[in-house]
Structure formats: structure tokens, C-alpha cells
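Engineer: One structure is given below, represented as C-alpha cells, and several questions about it will come after.
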Protein chains: 2
Amino acid sequence: MKIAFIGMGTMGTGMALNILKAGYALTVHNRTRERETPVVEQGAKAAVSPMEAAADADLVITCVSDTPDVEAVILGEKGAMHGARPGTIVVDMSTISPAVTRTIAAALAKKEIHMLDAPVSGGSEGAQLGTLAIMAGGDEAIFQRALPVLETMGKTITLLGPIGAGQITKAINQTILAATYLGVAEGMVLGMKAGLDAKQVAQAIGGGAAGSWVLDNRSGNMVDNTYPLGFRVRLHHKDLKIALEAGRELGVALPSTALVDQMETGLIGRGFGDEDVSAIARTIRELSGIK
Amino acid sequence: MKIAFIGMGTMGTGMALNILKAGYALTVHNRTRERETPVVEQGAKAAVSPMEAAADADLVITCVSDTPDVEAVILGEKGAMHGARPGTIVVDMSTISPAVTRTIAAALAKKEIHMLDAPVSGGSEGAQLGTLAIMAGGDEAIFQRALPVLETMGKTITLLGPIGAGQITKAINQTILAATYLGVAEGMVLGMKAGLDAKQVAQAIGGGAAGSWVLDNRSGNMVDNTYPLGFRVRLHHKDLKIALEAGRELGVALPSTALVDQMETGLIGRGFGDEDVSAIARTIRELSGIK
């Protein structure tokens, strides 16, 4: 099985290297061509466009920043759709709109090209180590064909429903994260203003019902008021837009998601968009008069 | 060391039985006297009032419902304060106001009676099994004297600061829980309205950054729309009042806590106050048109 991989960002580079390590023939493309180099040095071919990358591929993976980028690399002028043969599988591993995902899949289906959506979580570390959680949507038979390749990149790989289901699941993940970050931030600031050692508080309650990955791994940032990456506010904010749009389409009220979305809008406006999502604590700290 | 235990509710009964099992001499009292029976049958003495229970005790534990109840059983007419000798330690294991806790401690100090606050989490199951998390505030030396008794009831026992620090920590715990429940509810409803198997979604994302005790243990209730106890909405709502009052005193803005507090006010008004806290999903379900 020959593979094309479009998008050599922090995530895509790690994922592509794991595909190479598993012994697959790989062709890569990135808009900024220099970013192809690390993967080409490990044995991948480079292509001048998504179209050319897809020409010889059985499976085309896209992992780019946002909904318009996915539209461009798949449906655009030199998009993968124009190079791919009927029967090819396109797996979009970006985090984008579920509705647009279904539109793209419909356009591909007209050319007998299959599509899966398969956004990930687990960050750049998970991409490098091949331990991503992969949340997939699409036909079961197509998923099974792609699964051995997905297994080179991820640990927990779940097919959650038809095309778009992976993106909805990712949106749910980001929604739950939003509220959890906010709650932990409120708790840590309450502890600090009460004069407690808030890190000790996090430890004392972390084993019980208030326990979460965020409390274990990010409450320390909030106390120290330093927010090393991690996962950028800017990207989480993009994902909350997707979640809120999905909620709007489906008629789902998402009050805490909307609240965090607004706080992140403020953070980005103030120049904190490239900090870790735990920077939501800046908002609670400053609302509460802690520098 | 002789112990008195005031408050034979679901929590207190389990906790008192564990103290008995460890071999301590125990005297118990409960406002509704019949509730003393299960512990008396296991070898405890019964007392007609908190004052009488405290008369012969080295350590007096209170575990009652709310701030005024603690004031009554310690400072009230037949309160423990009037029976206790100088040097006695009062350990309040109820969840109440940190500010009132400090007031009670000051009143006790005038009679040379020491006080610790030591609210718990872990529910009735933790009370029975002796695996509670105990969050304590008070003097280190007094804490060390009480510790062997606390160890018969709890697993994670942490001294977090001076008197009131345990109550603040419990308030932080309830604050973080509030947001986590709300976020998980929003996520589950988004999944359901998108036509996904929301329990499968919870499983797919539970190992990652969105993971929490609530997602692992309570998201199923939200999907099934059944809310067996667990921990009552009514009690969590009481605890959020304490957290919001502490926030108000300390100047800490708690937006998601306030949002959940309002939702719980609505739930209680509609007759759902004795359901598990995961019933917050009722609000999101109904705002989103799911029966």
C-alpha cells in the first residue's frame, strides 16, 4: 500500500515518520516545501502538489490546520482529488468542521474516492511516539482497510460512526476540555487567594471525584502563571468554533463551551494565543486581582 | 483516647463504625436518636446530647449537614463545647463555611478546646470502607494527635493549612466538580444529538486530555438519563453556596461555578434535588430538546 501525506506540521511530521518506520512507501507534500525535508531525509519522496502526491497513492492522508486548508488540499486546483484514482482512500486527520467533512466526502464520492475523517488527540508527543488517540468516521470496510496505517500512528483507534463522526467526537473532546480547564482554573485561584498551597490542594483532591488529566497535568501551570506548550489557545479556540457551530446546527446548547470560547477570544486579543490552553487561568487570576 | 461522634447520618454511621472497629472507646449522639442504634449495637455508648457525649472524650468528631447544624452541636445550648474539657480536640468533618469554621474555632479556643476542620470526599462507600479523602485545616501538632483516628476513616489525609483550610479545599473540590460535570454533560448531549453512541465517545476520549473521574463514572448516567446516587444535587448545591460565598469574601470570580449553581437551583425547584449531581445533564438535554 502506497501512501501520500499532505501537511508536514508538528503533528504531520511525527505521524509521517512513524508511517515510514513501519515500512510503507511514502510521498509527502507541504505548502512550505522546506518542511518536507526531515521526512524526505528518512526516505520519503517529495511531491510538488497534493495532486501529484496523490497520483500514485492507495491512501492519501491530510493533516493541515483548518477547514479551508483541508478544502484547498483536497478539492482545490492542485488538490489531491484531481490526482487520486477511483478506489483511493482519503483520510483527513485535521480537526475541522464535521459539516464540511461531509461535503468533501460527497465530492470525493462522485469520483469513487473514499473518505474517512480521523482527527487525533495526544499532541506532538503522541504524534512522535505513535500513541495518538484517533477518532474516526466513515464506512466500516474502508476503516478496516486503513486501520493498519492508522495503527502506525495511534494507540486508541475508534470508529465512531459515519463520515463526520470523528470530527464530532473531537469537538466533544474539546468541549469537555474547555469546561475542565475553566473549573480547575477557578479552583486553583480560589486556593491561592485563600492563602493555600494550591499545588498541594490539587494533589489532595486529585485522587477523588474532582480528578482529571487537566488537574493532574496543568494545574501547576495555573499556579505558576507560566503556560508552556502543550496545546495552543489559538488552536483550541479554533476547535471550540467548530464545536459551537456543530451545536448550533444540531440545536445543542453549550453554555460552558461558549463561556470559555469568549475568554479565549479575549486571551488571543491580548497576545496569549500561542500559550498553552491552561492560560485560561490568566482570565480567572486577573478577574480576581492576582498578577 | 476516648472519642465522641456527633451525627449518625449515612456518612457518620460508616465513619463511626470504622473508629469502633479500630478499637477506640466511642460515644455517639444523633438528634434523631434511633439513628444511634446501628453503632450502639456494635459497642458504642449513646449520649442524650452533644454536651454529654463530649463530657468524657479526648476527641469530639462532628459530621452533620450544614453550617447551622455544626454551630448548634458545638456552640448551642447542649453543644459539645459545654461538655468538653480544656485540651479536648474537636474535629468537624461536615462540609460548611470556612468563615464560620474560624468563628467556631475562636469560640472553642477561649475554653482551651482545640479545633480541626476535616471535611471529606468519597461518598457513603468511602465512609463504609474507610477510604475517604480527608482535607484538614488546623495546627500541625493538633493534627498529628488526631491523625491515628482520622486514619481509621480515610486513605488520603492532608493537612492543608490553618483552621478553615480543609473547608476551602473542599469548596475547591466542589467548584472543579461543577465545571467538569457541566462540560461532560455538554459533550454527551452533543454526541447524542449528532447520532453517535455517546458512551462509545466517552470511552474513545477518556484516556486523553479530556479524561476525568466524571467522564469515566458519570457520563453513562447522562446518556441513560437516570441519575442514581451518588451524591445529591441538593448537597452539591449547598457546597457551591459555600464556594461562592468564599469566592465573594476573597474576591475570586467563579463564573462556571455560578453557572452550575444556577442550573442546580433550577433542578431542585423542579424536584430533582435528590438525584445524583450528574442530573446537571437534564438541563443540557432539555435546553437541547432531548427528552
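Scheme for the C-alpha cells: letters A, B, ... for chains in order shown; per-chain residue numbers from 1; ligand numbers from 1 in order shown.
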Tell me which protein, DNA and RNA residues are within 8 Å of Ala202 (chain B), counting only C-alpha atoms, leaving out same-chain ones fewer than 2 positions away, and put them as a PyMOL selection string.

Structural biologist: chain B and resi 188+198-200+204-206+215-216+219

Engineer: Which residues of chain B come within 7 Å of chain A, and what is each one's closest atom pair and distance in Å (one decimal), counting only C-alpha atoms, sorted by chain and residue number, as a Markdown table?

Structural biologist:
```
| residue | atom | partner | partner_atom | distance |
| --- | --- | --- | --- | --- |
| B:Gly122 | CA | A:Gly208 | CA | 6.6 |
| B:Thr158 | CA | A:Ala204 | CA | 6.3 |
| B:Leu160 | CA | A:Leu196 | CA | 6.8 |
| B:Gly161 | CA | A:Leu196 | CA | 6.5 |
| B:Thr169 | CA | A:Val201 | CA | 6.3 |
| B:Ile172 | CA | A:Gly187 | CA | 4.7 |
| B:Asn173 | CA | A:Ala210 | CA | 5.9 |
| B:Thr175 | CA | A:Gly187 | CA | 6.0 |
| B:Ile176 | CA | A:Gly183 | CA | 4.5 |
| B:Leu177 | CA | A:Ala210 | CA | 5.0 |
| B:Ala179 | CA | A:Gly183 | CA | 4.8 |
| B:Thr180 | CA | A:Thr180 | CA | 5.0 |
| B:Gly183 | CA | A:Ile176 | CA | 4.5 |
| B:Val184 | CA | A:Ile176 | CA | 5.3 |
| B:Glu186 | CA | A:Leu254 | CA | 5.7 |
| B:Gly187 | CA | A:Ile172 | CA | 4.7 |
| B:Leu190 | CA | A:Val252 | CA | 6.1 |
| B:Gly191 | CA | A:Ile172 | CA | 6.9 |
| B:Lys193 | CA | A:Leu250 | CA | 6.4 |
| B:Ala194 | CA | A:Leu250 | CA | 6.8 |
| B:Leu196 | CA | A:Gly161 | CA | 6.5 |
| B:Val201 | CA | A:Thr169 | CA | 6.3 |
| B:Ala204 | CA | A:Thr158 | CA | 6.3 |
| B:Ile205 | CA | A:Asn173 | CA | 6.5 |
| B:Gly208 | CA | A:Gly122 | CA | 6.6 |
| B:Ala209 | CA | A:Trp213 | CA | 5.4 |
| B:Ala210 | CA | A:Leu177 | CA | 5.0 |
| B:Gly211 | CA | A:Trp213 | CA | 5.6 |
| B:Ser212 | CA | A:Ser212 | CA | 3.9 |
| B:Trp213 | CA | A:Ala209 | CA | 5.4 |
| B:Val214 | CA | A:Ala209 | CA | 6.5 |
| B:Gly247 | CA | A:Leu190 | CA | 6.5 |
| B:Leu250 | CA | A:Lys193 | CA | 6.4 |
| B:Gly251 | CA | A:Ser288 | CA | 5.8 |
| B:Val252 | CA | A:Ser288 | CA | 4.6 |
| B:Ala253 | CA | A:Ser288 | CA | 5.7 |
| B:Leu254 | CA | A:Glu186 | CA | 5.7 |
| B:Ser256 | CA | A:Gly183 | CA | 6.6 |
| B:Ile284 | CA | A:Ala253 | CA | 6.5 |
| B:Leu287 | CA | A:Ala253 | CA | 6.1 |
| B:Ser288 | CA | A:Val252 | CA | 4.7 |
```

Engineer: What does the structure give for the distance between CA of Val70 (chain A) and CA of Glu112 (chain A), in Å to one decimal?

Structural biologist: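 Straight-line distance from CA of Val70 (chain A) to CA of Glu112 (chain A) works out to 18.7 Å.
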
Engineer: Quick one: everything within 10 Å of Gly9 (chain A), counting only C-alpha atoms, minus sequence neighbours fewer than 3 positions away in the same chain. Send it as an MDAnalysis selection string.

Structural biologist: chainID A and resid 6 12:15 30 32 35:36 63:65 124

Engineer: Any idea what's packed within 12 Å of Pro148 (chain A), counting only C-alpha atoms, ignoring anything in its chain fewer than 6 positions away? Could you give it as a list of chain:residue names?

Structural biologist: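 The neighbour list is A:Met1, A:Ile3, A:Ile19, A:Ala22, A:Gly23, A:Tyr24, A:Leu59, A:Ile142, A:Gly154, A:Lys155, A:Ile157.
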
Engineer: As a PyMOL selection string, list the residues of region 58-279 of chain A assigned to strand (DSSP E or B) by DSSP on the backbone atoms of this structure.

Structural biologist: chain A and resi 59-62+89-92+114-117+120-121+132-137+154-159+212+232+276

Engineer: Please produce a file of those selected residues containing C-alpha atoms, as a PDB file, in the first residue's frame.

Structural biologist:
```
ATOM      1  CA  LEU A  59      -4.177   6.064   0.698  1.00  0.00           C
ATOM      2  CA  VAL A  60      -3.908   9.861   0.991  1.00  0.00           C
ATOM      3  CA  ILE A  61      -3.610  11.394   4.456  1.00  0.00           C
ATOM      4  CA  THR A  62      -4.223  15.099   5.071  1.00  0.00           C
ATOM      5  CA  ILE A  89      -8.944   6.309   0.378  1.00  0.00           C
ATOM      6  CA  VAL A  90      -8.527   9.886   1.652  1.00  0.00           C
ATOM      7  CA  VAL A  91      -8.070  10.072   5.432  1.00  0.00           C
ATOM      8  CA  ASP A  92      -8.355  13.588   6.832  1.00  0.00           C
ATOM      9  CA  HIS A 114     -13.485   7.028  -0.352  1.00  0.00           C
ATOM     10  CA  MET A 115     -13.071   9.227   2.676  1.00  0.00           C
ATOM     11  CA  LEU A 116     -12.552   8.788   6.401  1.00  0.00           C
ATOM     12  CA  ASP A 117     -12.299  11.566   8.942  1.00  0.00           C
ATOM     13  CA  VAL A 120      -6.423  12.942  16.689  1.00  0.00           C
ATOM     14  CA  SER A 121      -5.605  13.937  20.213  1.00  0.00           C
ATOM     15  CA  LEU A 132      -2.268   9.282  19.398  1.00  0.00           C
ATOM     16  CA  ALA A 133      -5.933   8.721  20.094  1.00  0.00           C
ATOM     17  CA  ILE A 134      -7.594   8.552  16.667  1.00  0.00           C
ATOM     18  CA  MET A 135     -11.341   9.247  16.411  1.00  0.00           C
ATOM     19  CA  ALA A 136     -12.649   8.024  13.073  1.00  0.00           C
ATOM     20  CA  GLY A 137     -15.785   8.368  10.987  1.00  0.00           C
ATOM     21  CA  GLY A 154      -2.069   5.788  17.189  1.00  0.00           C
ATOM     22  CA  LYS A 155      -2.848   3.653  20.191  1.00  0.00           C
ATOM     23  CA  THR A 156      -6.592   4.071  20.772  1.00  0.00           C
ATOM     24  CA  ILE A 157      -8.275   3.983  17.368  1.00  0.00           C
ATOM     25  CA  THR A 158     -12.076   4.038  17.360  1.00  0.00           C
ATOM     26  CA  LEU A 159     -14.608   4.115  14.519  1.00  0.00           C
ATOM     27  CA  SER A 212      -8.905  14.822  35.785  1.00  0.00           C
ATOM     28  CA  ARG A 232      -2.098  26.385  21.844  1.00  0.00           C
ATOM     29  CA  ASP A 276      -0.944  26.576  26.380  1.00  0.00           C
TER      30      ASP A 276
END
```

Engineer: I want to know what sits within 8 Å of Ala279 (chain A), based on only C-alpha atoms, with residues of the same chain fewer than 6 positions away left out; could you give that as a compact mmCIF listing (two decimals) with N, CA and C atoms, in the first residue's frame?

Structural biologist:
```
# COMPACT_ATOMS: atom_id res chain seq x y z
N ASN A 221 0.76 24.78 36.03
CA ASN A 221 0.93 25.97 35.18
C ASN A 221 0.14 27.15 35.71
N MET A 222 -1.11 26.84 36.14
CA MET A 222 -2.02 27.90 36.56
C MET A 222 -1.52 28.58 37.84
N ASN A 225 1.62 30.52 36.90
CA ASN A 225 1.32 31.55 35.88
C ASN A 225 2.31 31.51 34.73
N THR A 226 2.71 30.29 34.34
CA THR A 226 3.52 30.09 33.13
C THR A 226 2.86 28.97 32.34
N TYR A 227 2.76 29.15 31.03
CA TYR A 227 1.92 28.28 30.22
C TYR A 227 2.67 27.72 29.01
N VAL A 233 -3.73 27.90 22.82
CA VAL A 233 -5.04 28.55 22.97
C VAL A 233 -5.67 28.76 21.59
N PHE A 272 -2.03 36.25 23.98
CA PHE A 272 -1.68 34.99 24.65
C PHE A 272 -2.09 33.75 23.84
```
